[in-house]
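The next block holds one structure in the form of structure tokens; read it before the comments.
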Amino acid sequence: MSATLIDGKPISAAVKAKVAAEAARLARDHGLVPGLAVVLVGEDPASTVYVRNKGKATIEAGLRSFEHKLPEHTSEAELLALIARLNADPTVHGILVQLPVPAHIDSQAVIQAISPDKDVDGLHPMNSGRLASGLAALVPCTPLGCLHMLKTVRPQLAGLEAVVVGRSNLVGKPVAQLLLAENCTVTIAHSRTRDLPAVCRRADILVAAVGRPEMLRGDWVKPGAIVIDVGINRVPAGEGKTRLIGDVAFAEAAEIASAITPVPGGVGLMTVACLLANTLKAASMQAGLPAPQI
Ligand SMILES: Nc1nc(=O)c2c([nH]1)NC[C@@H]1CN(c3ccc(C(=O)N[C@@H](CCC(=O)O)C(=O)O)cc3)C=[N+]21
């Protein structure tokens, strides 16, 4: 491997340390302890990993954590009633409903029920619209983490060709908006893109967010490109065990890229750290205080 490894451990640790320091300052000067409510309906495996890591990190940073685990058969009306209670609860500054929700629940109805001020996932149309318009917004955590990792190896992104593979509201679209705001030339590629390998080979910055294990091969990477792998794919590893792999064939891509993020230990760690930063930001804004710079 010739590429620089963009290691999520120290980068996420630095973000968490800043959040902890700011949280301590808020508690001391304003008696304010930011609180994050995470709602999990059913037992999606990716969400279960996330909830475990997040709960621990929230407490470690000195924030308050509220977990609401609801059974798979919870009705949409019951979930909306819980969200209404959390919207009205002054000790809750951030609300995250783990996606996907079970098929009988309309995820857009759920997202739009969350107060935009408490929407630490940045998924409410008010926040995605504000991001697209260049206004202050709560921005989705994974895209924030991607940008943060990129900037550790390349602080100035203006003029670079960025290709984002994947167009979800949670990752693809907002990461493209952040790169655009950094003055990159941005292409969003997806399952219907013609000659995807050729499109990827144009990229100085290649962001993989498709959710398909090792789909992006080494020969899709332009020599010297920076590769950000958002994929969290759990695959069988023999003997009934599983392991996590990304959307990028790591060993191949690491021979060609100038820098690359690993899975695990990459973007996933940053997602959790940025969730804490968003909760701190939401709490500060709700208290009429300036948003801390993380
Ligand atoms: N509303 C909503 N927002 C989300 O951001 C969201 C979601 N729903 N549903 C599920 C996915 C998945 N996701 C992960 C985040 C961090 C890790 C993570 O911490 N990964 C570590 C550890 C993984 C491990 O060792 O098992 C790593 O990549 O190194 C994993 C998965 C957030 N998601």
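Residue names in the structure tokens use chain letters A, B, ... in the order shown, residue numbers from 1 in each chain, and ligand numbers from 1 in the order shown.
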Rows by chain and residue number, chain A within 6 Å of ligand 1, shortest pair, only C-alpha atoms and all ligand atoms, as a Markdown table:
```
| residue | atom | partner | partner_atom_place_in_ligand_line | distance |
| --- | --- | --- | --- | --- |
| A:Ala46 | CA | ligand 1 | 12 (C) | 5.0 |
| A:Ser47 | CA | ligand 1 | 10 (C) | 4.0 |
| A:Val49 | CA | ligand 1 | 26 (O) | 5.7 |
| A:Tyr50 | CA | ligand 1 | 31 (C) | 4.6 |
| A:Asn53 | CA | ligand 1 | 19 (O) | 5.6 |
| A:Leu96 | CA | ligand 1 | 1 (N) | 5.6 |
| A:Val97 | CA | ligand 1 | 1 (N) | 5.0 |
| A:Gln98 | CA | ligand 1 | 8 (N) | 3.7 |
| A:Leu99 | CA | ligand 1 | 8 (N) | 3.9 |
| A:Asp121 | CA | ligand 1 | 3 (N) | 5.9 |
| A:Val263 | CA | ligand 1 | 28 (O) | 5.4 |
| A:Pro264 | CA | ligand 1 | 29 (O) | 3.4 |
| A:Gly265 | CA | ligand 1 | 29 (O) | 3.4 |
| A:Gly266 | CA | ligand 1 | 28 (O) | 5.6 |
| A:Gly268 | CA | ligand 1 | 28 (O) | 3.7 |
| A:Leu269 | CA | ligand 1 | 19 (O) | 4.7 |
| A:Thr271 | CA | ligand 1 | 16 (C) | 5.4 |
| A:Val272 | CA | ligand 1 | 16 (C) | 5.7 |
```
Filtering to N, CA and C atoms, could you give me those residues as a PDB file, in the first residue's frame?
```pdb
ATOM      1  N   ALA A  46     -27.308  -2.760  11.266  1.00  0.00           N
ATOM      2  CA  ALA A  46     -26.417  -1.594  11.158  1.00  0.00           C
ATOM      3  C   ALA A  46     -26.759  -0.589  12.253  1.00  0.00           C
ATOM      4  N   SER A  47     -28.051  -0.391  12.486  1.00  0.00           N
ATOM      5  CA  SER A  47     -28.483   0.567  13.494  1.00  0.00           C
ATOM      6  C   SER A  47     -28.072   0.115  14.887  1.00  0.00           C
ATOM      7  N   VAL A  49     -25.380  -1.595  15.777  1.00  0.00           N
ATOM      8  CA  VAL A  49     -23.958  -1.244  15.947  1.00  0.00           C
ATOM      9  C   VAL A  49     -23.827   0.227  16.306  1.00  0.00           C
ATOM     10  N   TYR A  50     -24.536   1.030  15.545  1.00  0.00           N
ATOM     11  CA  TYR A  50     -24.444   2.474  15.682  1.00  0.00           C
ATOM     12  C   TYR A  50     -24.917   2.917  17.070  1.00  0.00           C
ATOM     13  N   ASN A  53     -22.281   2.144  19.834  1.00  0.00           N
ATOM     14  CA  ASN A  53     -21.120   3.045  19.821  1.00  0.00           C
ATOM     15  C   ASN A  53     -21.490   4.455  20.261  1.00  0.00           C
ATOM     16  N   LEU A  96     -32.623  11.684  17.092  1.00  0.00           N
ATOM     17  CA  LEU A  96     -32.218  10.878  15.939  1.00  0.00           C
ATOM     18  C   LEU A  96     -33.078   9.621  15.908  1.00  0.00           C
ATOM     19  N   VAL A  97     -33.806   9.441  14.828  1.00  0.00           N
ATOM     20  CA  VAL A  97     -34.564   8.204  14.642  1.00  0.00           C
ATOM     21  C   VAL A  97     -33.748   7.339  13.693  1.00  0.00           C
ATOM     22  N   GLN A  98     -33.325   6.193  14.171  1.00  0.00           N
ATOM     23  CA  GLN A  98     -32.488   5.312  13.358  1.00  0.00           C
ATOM     24  C   GLN A  98     -33.250   4.874  12.107  1.00  0.00           C
ATOM     25  N   LEU A  99     -32.564   4.963  10.984  1.00  0.00           N
ATOM     26  CA  LEU A  99     -33.130   4.513   9.709  1.00  0.00           C
ATOM     27  C   LEU A  99     -32.402   3.239   9.282  1.00  0.00           C
ATOM     28  N   ASP A 121     -29.625  14.750  12.677  1.00  0.00           N
ATOM     29  CA  ASP A 121     -29.310  13.993  11.462  1.00  0.00           C
ATOM     30  C   ASP A 121     -29.306  14.886  10.222  1.00  0.00           C
ATOM     31  N   VAL A 263     -12.150   0.808   6.474  1.00  0.00           N
ATOM     32  CA  VAL A 263     -13.408   0.318   7.074  1.00  0.00           C
ATOM     33  C   VAL A 263     -13.108  -1.022   7.720  1.00  0.00           C
ATOM     34  N   PRO A 264     -13.348  -1.217   9.004  1.00  0.00           N
ATOM     35  CA  PRO A 264     -13.809  -0.197   9.969  1.00  0.00           C
ATOM     36  C   PRO A 264     -12.682   0.762  10.341  1.00  0.00           C
ATOM     37  N   GLY A 265     -12.983   1.700  11.218  1.00  0.00           N
ATOM     38  CA  GLY A 265     -11.955   2.632  11.692  1.00  0.00           C
ATOM     39  C   GLY A 265     -11.841   3.892  10.868  1.00  0.00           C
ATOM     40  N   GLY A 266     -12.822   4.133   9.998  1.00  0.00           N
ATOM     41  CA  GLY A 266     -12.776   5.334   9.168  1.00  0.00           C
ATOM     42  C   GLY A 266     -13.981   6.223   9.400  1.00  0.00           C
ATOM     43  N   GLY A 268     -17.114   5.678   9.782  1.00  0.00           N
ATOM     44  CA  GLY A 268     -18.074   5.294  10.835  1.00  0.00           C
ATOM     45  C   GLY A 268     -17.758   5.961  12.165  1.00  0.00           C
ATOM     46  N   LEU A 269     -16.470   6.008  12.508  1.00  0.00           N
ATOM     47  CA  LEU A 269     -16.073   6.642  13.771  1.00  0.00           C
ATOM     48  C   LEU A 269     -16.363   8.140  13.737  1.00  0.00           C
ATOM     49  N   THR A 271     -18.752   9.563  12.027  1.00  0.00           N
ATOM     50  CA  THR A 271     -20.208   9.768  12.103  1.00  0.00           C
ATOM     51  C   THR A 271     -20.632   9.957  13.554  1.00  0.00           C
ATOM     52  N   VAL A 272     -20.118   9.097  14.415  1.00  0.00           N
ATOM     53  CA  VAL A 272     -20.472   9.174  15.836  1.00  0.00           C
ATOM     54  C   VAL A 272     -19.944  10.483  16.445  1.00  0.00           C
TER      55      VAL A 272
END
```
Rows by chain and residue number, range 143-241 of chain A within 6 Å of range 256-259 of chain A, shortest pair, only C-alpha atoms, as CSV:
```
residue,atom,partner,partner_atom,distance
A:Pro223,CA,A:Ile256,CA,5.0
A:Gly224,CA,A:Ser258,CA,4.3
A:Ala225,CA,A:Ala257,CA,4.8
A:Ile226,CA,A:Ala259,CA,4.9
```
* Near Ser133 in chain A, counting only C-alpha atoms, which residues have an atom at most 12 Å away, once you skip same-chain residues fewer than 2 positions from it, shown as number ranges by chain? -> A: 125-131, 135-137, 174, 177-178, 180-181
Restrict the selected residues to N, CA and C atoms and save them as a PDB file, in the first residue's frame.
```
ATOM      1  N   PRO A 125     -36.395  18.508   5.643  1.00  0.00           N
ATOM      2  CA  PRO A 125     -36.257  19.337   4.444  1.00  0.00           C
ATOM      3  C   PRO A 125     -35.842  20.777   4.763  1.00  0.00           C
ATOM      4  N   MET A 126     -36.190  21.263   5.945  1.00  0.00           N
ATOM      5  CA  MET A 126     -35.733  22.599   6.347  1.00  0.00           C
ATOM      6  C   MET A 126     -34.198  22.642   6.401  1.00  0.00           C
ATOM      7  N   ASN A 127     -33.597  21.593   6.963  1.00  0.00           N
ATOM      8  CA  ASN A 127     -32.130  21.574   7.063  1.00  0.00           C
ATOM      9  C   ASN A 127     -31.466  21.250   5.724  1.00  0.00           C
ATOM     10  N   SER A 128     -31.991  20.277   4.962  1.00  0.00           N
ATOM     11  CA  SER A 128     -31.371  19.974   3.667  1.00  0.00           C
ATOM     12  C   SER A 128     -31.531  21.166   2.725  1.00  0.00           C
ATOM     13  N   GLY A 129     -32.672  21.854   2.820  1.00  0.00           N
ATOM     14  CA  GLY A 129     -32.879  23.054   2.002  1.00  0.00           C
ATOM     15  C   GLY A 129     -31.941  24.180   2.397  1.00  0.00           C
ATOM     16  N   ARG A 130     -31.762  24.345   3.687  1.00  0.00           N
ATOM     17  CA  ARG A 130     -30.845  25.399   4.152  1.00  0.00           C
ATOM     18  C   ARG A 130     -29.411  25.102   3.720  1.00  0.00           C
ATOM     19  N   LEU A 131     -29.010  23.810   3.806  1.00  0.00           N
ATOM     20  CA  LEU A 131     -27.661  23.436   3.351  1.00  0.00           C
ATOM     21  C   LEU A 131     -27.508  23.750   1.862  1.00  0.00           C
ATOM     22  N   LEU A 135     -27.206  28.332   3.718  1.00  0.00           N
ATOM     23  CA  LEU A 135     -27.571  28.941   5.004  1.00  0.00           C
ATOM     24  C   LEU A 135     -27.105  28.053   6.151  1.00  0.00           C
ATOM     25  N   ALA A 136     -27.031  28.622   7.350  1.00  0.00           N
ATOM     26  CA  ALA A 136     -26.674  27.831   8.528  1.00  0.00           C
ATOM     27  C   ALA A 136     -27.693  26.707   8.702  1.00  0.00           C
ATOM     28  N   ALA A 137     -27.211  25.491   8.957  1.00  0.00           N
ATOM     29  CA  ALA A 137     -28.096  24.326   9.045  1.00  0.00           C
ATOM     30  C   ALA A 137     -27.472  23.277   9.942  1.00  0.00           C
ATOM     31  N   PRO A 174     -26.107  15.210   0.608  1.00  0.00           N
ATOM     32  CA  PRO A 174     -25.471  16.238   1.441  1.00  0.00           C
ATOM     33  C   PRO A 174     -23.952  16.300   1.316  1.00  0.00           C
ATOM     34  N   GLN A 177     -23.320  18.457  -1.550  1.00  0.00           N
ATOM     35  CA  GLN A 177     -23.543  19.877  -1.226  1.00  0.00           C
ATOM     36  C   GLN A 177     -22.354  20.471  -0.467  1.00  0.00           C
ATOM     37  N   LEU A 178     -21.797  19.689   0.468  1.00  0.00           N
ATOM     38  CA  LEU A 178     -20.641  20.193   1.232  1.00  0.00           C
ATOM     39  C   LEU A 178     -19.441  20.400   0.317  1.00  0.00           C
ATOM     40  N   LEU A 180     -19.536  20.985  -2.896  1.00  0.00           N
ATOM     41  CA  LEU A 180     -19.860  22.136  -3.743  1.00  0.00           C
ATOM     42  C   LEU A 180     -19.577  23.436  -2.996  1.00  0.00           C
ATOM     43  N   ALA A 181     -19.946  23.459  -1.708  1.00  0.00           N
ATOM     44  CA  ALA A 181     -19.701  24.654  -0.897  1.00  0.00           C
ATOM     45  C   ALA A 181     -18.197  24.907  -0.722  1.00  0.00           C
TER      46      ALA A 181
END
```
* Out of range 34-254 of chain A, which residues get alpha helix (DSSP H) from DSSP, as JSON, numbers by chain? -> {"A": [45, 46, 47, 48, 49, 50, 51, 52, 53, 54, 55, 56, 57, 58, 59, 60, 76, 77, 78, 79, 80, 81, 82, 83, 84, 85, 86, 87, 88, 107, 108, 109, 110, 111, 112, 113, 125, 126, 127, 128, 129, 130, 131, 132, 141, 142, 143, 144, 145, 146, 147, 148, 149, 150, 151, 152, 153, 172, 173, 174, 175, 176, 177, 178, 179, 180, 181, 196, 197, 198, 199, 200, 250, 251, 252, 253, 254]}
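The neighbours of range 105-109 of chain A here are the residues that come within 6 Å of it, using only C-alpha atoms and leaving out any residue fewer than 3 positions away in the same chain; they are A:Glu76, A:Pro102, A:Gln112.
Each of A:Ser168, A:Ile188, A:Ile114, A:Ala273 was checked against Gly55 in chain A using only C-alpha atoms; the smallest atom-to-atom distance is that of A:Ala273.
Pairwise distance (CA of Pro90 in chain A, CA of Ala287 in chain A) equals 10.2 Å.
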* **Nearby residues (only C-alpha atoms) at most 12 Å from Val38 in chain A, same-chain spacing under 4 positions excluded, as a ChimeraX atom specification** => /A:47-48,50-55,58,64-70,82-83,86,92-99,118-121,275-276,279
* To do: Enumerate, as a ChimeraX atom specification, the complete set of residues in range 69-276 of chain A that a backbone-based DSSP assignment places in strand (DSSP E or B).
  => /A:69-70,94-97,119,161-165,185-189,205-208,216,226-229,233-236,242-245,248,259-260
With N, CA and C atoms kept, could you save the residues just selected as a compact mmCIF listing (two decimals), in the first residue's frame?
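What ended up in again_2.txt:
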```txt
# COMPACT_ATOMS: atom_id res chain seq x y z
N LYS A 69 -35.98 2.31 22.75
CA LYS A 69 -36.04 1.12 21.89
C LYS A 69 -37.48 0.66 21.82
N LEU A 70 -38.04 0.73 20.63
CA LEU A 70 -39.44 0.37 20.43
C LEU A 70 -39.52 -0.94 19.63
N GLY A 94 -31.26 17.06 20.86
CA GLY A 94 -31.09 16.39 19.58
C GLY A 94 -31.94 15.13 19.54
N ILE A 95 -32.57 14.89 18.39
CA ILE A 95 -33.39 13.69 18.20
C ILE A 95 -32.91 12.98 16.95
N LEU A 96 -32.62 11.68 17.09
CA LEU A 96 -32.22 10.88 15.94
C LEU A 96 -33.08 9.62 15.91
N VAL A 97 -33.81 9.44 14.83
CA VAL A 97 -34.56 8.20 14.64
C VAL A 97 -33.75 7.34 13.69
N ASP A 119 -33.03 18.38 14.88
CA ASP A 119 -32.79 17.39 13.83
C ASP A 119 -31.28 17.20 13.61
N GLU A 161 -11.92 17.99 -8.77
CA GLU A 161 -13.03 17.18 -9.31
C GLU A 161 -13.45 16.17 -8.24
N ALA A 162 -14.68 16.26 -7.78
CA ALA A 162 -15.19 15.30 -6.80
C ALA A 162 -16.27 14.45 -7.44
N VAL A 163 -16.17 13.15 -7.26
CA VAL A 163 -17.23 12.25 -7.71
C VAL A 163 -17.79 11.54 -6.48
N VAL A 164 -19.10 11.69 -6.28
CA VAL A 164 -19.80 11.03 -5.17
C VAL A 164 -20.60 9.90 -5.79
N VAL A 165 -20.34 8.67 -5.37
CA VAL A 165 -21.12 7.54 -5.89
C VAL A 165 -22.18 7.19 -4.85
N THR A 185 -15.74 20.74 -8.16
CA THR A 185 -16.62 20.44 -9.30
C THR A 185 -17.21 19.06 -9.00
N VAL A 186 -18.51 19.01 -8.76
CA VAL A 186 -19.10 17.81 -8.17
C VAL A 186 -19.96 17.04 -9.16
N THR A 187 -19.72 15.74 -9.24
CA THR A 187 -20.57 14.83 -10.00
C THR A 187 -21.20 13.86 -9.02
N ILE A 188 -22.52 13.67 -9.11
CA ILE A 188 -23.18 12.62 -8.32
C ILE A 188 -23.48 11.47 -9.26
N ALA A 189 -22.83 10.33 -9.01
CA ALA A 189 -23.06 9.14 -9.84
C ALA A 189 -23.94 8.16 -9.08
N ILE A 205 -11.24 13.55 -5.86
CA ILE A 205 -11.84 13.10 -4.60
C ILE A 205 -12.94 12.12 -4.96
N LEU A 206 -12.84 10.89 -4.46
CA LEU A 206 -13.83 9.86 -4.78
C LEU A 206 -14.51 9.44 -3.49
N VAL A 207 -15.82 9.67 -3.41
CA VAL A 207 -16.59 9.31 -2.21
C VAL A 207 -17.51 8.15 -2.58
N ALA A 208 -17.36 7.03 -1.87
CA ALA A 208 -18.16 5.83 -2.17
C ALA A 208 -19.22 5.67 -1.10
N LEU A 216 -16.31 -0.61 -5.76
CA LEU A 216 -15.37 0.25 -6.47
C LEU A 216 -13.99 -0.41 -6.48
N ILE A 226 -7.91 11.04 -3.68
CA ILE A 226 -8.24 10.80 -2.28
C ILE A 226 -9.55 10.01 -2.27
N VAL A 227 -9.55 8.87 -1.56
CA VAL A 227 -10.72 7.97 -1.56
C VAL A 227 -11.35 7.95 -0.17
N ILE A 228 -12.63 8.29 -0.11
CA ILE A 228 -13.39 8.27 1.15
C ILE A 228 -14.44 7.17 1.03
N ASP A 229 -14.32 6.16 1.89
CA ASP A 229 -15.20 4.98 1.81
C ASP A 229 -16.25 5.05 2.92
N ASN A 233 -20.51 -2.48 5.31
CA ASN A 233 -21.17 -3.71 4.88
C ASN A 233 -20.72 -4.87 5.75
N ARG A 234 -21.69 -5.53 6.36
CA ARG A 234 -21.39 -6.69 7.20
C ARG A 234 -21.48 -7.93 6.32
N VAL A 235 -20.36 -8.65 6.19
CA VAL A 235 -20.33 -9.84 5.31
C VAL A 235 -19.87 -11.06 6.11
N PRO A 236 -20.24 -12.26 5.66
CA PRO A 236 -19.81 -13.48 6.35
C PRO A 236 -18.29 -13.63 6.29
N THR A 242 -18.88 -12.60 11.26
CA THR A 242 -19.02 -11.59 10.22
C THR A 242 -17.90 -10.57 10.36
N ARG A 243 -17.66 -9.80 9.28
CA ARG A 243 -16.72 -8.70 9.38
C ARG A 243 -17.27 -7.53 8.58
N LEU A 244 -16.76 -6.34 8.85
CA LEU A 244 -17.20 -5.14 8.14
C LEU A 244 -16.25 -4.86 6.99
N ILE A 245 -16.83 -4.59 5.81
CA ILE A 245 -16.00 -4.10 4.70
C ILE A 245 -16.70 -2.91 4.06
N VAL A 248 -15.36 0.08 -1.18
CA VAL A 248 -14.17 0.16 -2.02
C VAL A 248 -13.32 -1.08 -1.76
N ALA A 259 -4.42 8.92 -0.75
CA ALA A 259 -4.91 8.78 0.62
C ALA A 259 -6.25 8.06 0.60
N ILE A 260 -6.52 7.30 1.65
CA ILE A 260 -7.73 6.48 1.66
C ILE A 260 -8.18 6.24 3.10
```
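When only C-alpha atoms are used to compute distances to Gly288 in chain A, the closest of the residues A:Asp117, A:Glu252, A:Asp7, A:Glu60 turns out to be A:Asp117.
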Show which residues sit within 9 Å of Leu280 in chain A, as an mmCIF file with N, CA and C atoms, in the first residue's frame. Count only C-alpha atoms, and ignore same-chain residues fewer than 4 positions away.
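Ended up saving to part_3.cif:
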```cif
data_model
loop_
_atom_site.group_PDB
_atom_site.id
_atom_site.type_symbol
_atom_site.label_atom_id
_atom_site.label_comp_id
_atom_site.auth_asym_id
_atom_site.auth_seq_id
_atom_site.Cartn_x
_atom_site.Cartn_y
_atom_site.Cartn_z
ATOM 1 N N VAL A 19 -15.616 18.404 21.700
ATOM 2 C CA VAL A 19 -17.014 18.398 22.151
ATOM 3 C C VAL A 19 -17.056 18.323 23.675
ATOM 4 N N GLU A 22 -16.096 21.691 25.204
ATOM 5 C CA GLU A 22 -17.176 22.672 25.027
ATOM 6 C C GLU A 22 -18.378 22.340 25.915
ATOM 7 N N ALA A 23 -18.652 21.041 26.058
ATOM 8 C CA ALA A 23 -19.787 20.618 26.900
ATOM 9 C C ALA A 23 -19.513 20.993 28.356
ATOM 10 N N VAL A 33 -26.649 21.023 29.902
ATOM 11 C CA VAL A 33 -26.087 19.725 29.515
ATOM 12 C C VAL A 33 -26.822 19.245 28.262
ATOM 13 N N PRO A 34 -26.138 19.244 27.109
ATOM 14 C CA PRO A 34 -26.806 18.810 25.872
ATOM 15 C C PRO A 34 -27.291 17.368 25.986
ATOM 16 N N GLY A 35 -28.530 17.123 25.529
ATOM 17 C CA GLY A 35 -29.113 15.780 25.588
ATOM 18 C C GLY A 35 -29.472 15.278 24.201
ATOM 19 N N LEU A 63 -22.279 14.364 27.647
ATOM 20 C CA LEU A 63 -23.639 14.699 27.224
ATOM 21 C C LEU A 63 -24.606 13.705 27.853
ATOM 22 N N HIS A 93 -32.042 17.970 23.290
ATOM 23 C CA HIS A 93 -31.654 18.979 22.294
ATOM 24 C C HIS A 93 -31.468 18.379 20.911
ATOM 25 N N GLY A 94 -31.258 17.062 20.865
ATOM 26 C CA GLY A 94 -31.095 16.385 19.580
ATOM 27 C C GLY A 94 -31.944 15.129 19.537
ATOM 28 N N LEU A 275 -21.990 13.407 15.333
ATOM 29 C CA LEU A 275 -23.310 13.414 15.975
ATOM 30 C C LEU A 275 -23.236 14.149 17.317
ATOM 31 N N LEU A 276 -22.160 13.924 18.055
ATOM 32 C CA LEU A 276 -21.971 14.623 19.333
ATOM 33 C C LEU A 276 -21.802 16.121 19.080
ATOM 34 N N SER A 284 -26.638 24.562 21.878
ATOM 35 C CA SER A 284 -26.179 25.959 21.939
ATOM 36 C C SER A 284 -27.176 26.865 21.241
ATOM 37 N N MET A 285 -27.610 26.475 20.048
ATOM 38 C CA MET A 285 -28.550 27.299 19.279
ATOM 39 C C MET A 285 -29.870 27.445 20.020
ATOM 40 N N ALA A 291 -22.903 28.955 18.071
ATOM 41 C CA ALA A 291 -22.528 27.558 17.838
ATOM 42 C C ALA A 291 -21.021 27.409 17.992
ATOM 43 N N PRO A 292 -20.565 26.465 18.851
ATOM 44 C CA PRO A 292 -19.124 26.265 19.020
ATOM 45 C C PRO A 292 -18.491 25.758 17.722
#
```
* Which one is closest to Asn278 in chain A: A:Leu36, A:Leu26, A:Ile11, A:Val110? Count only C-alpha atoms. -> A:Leu36
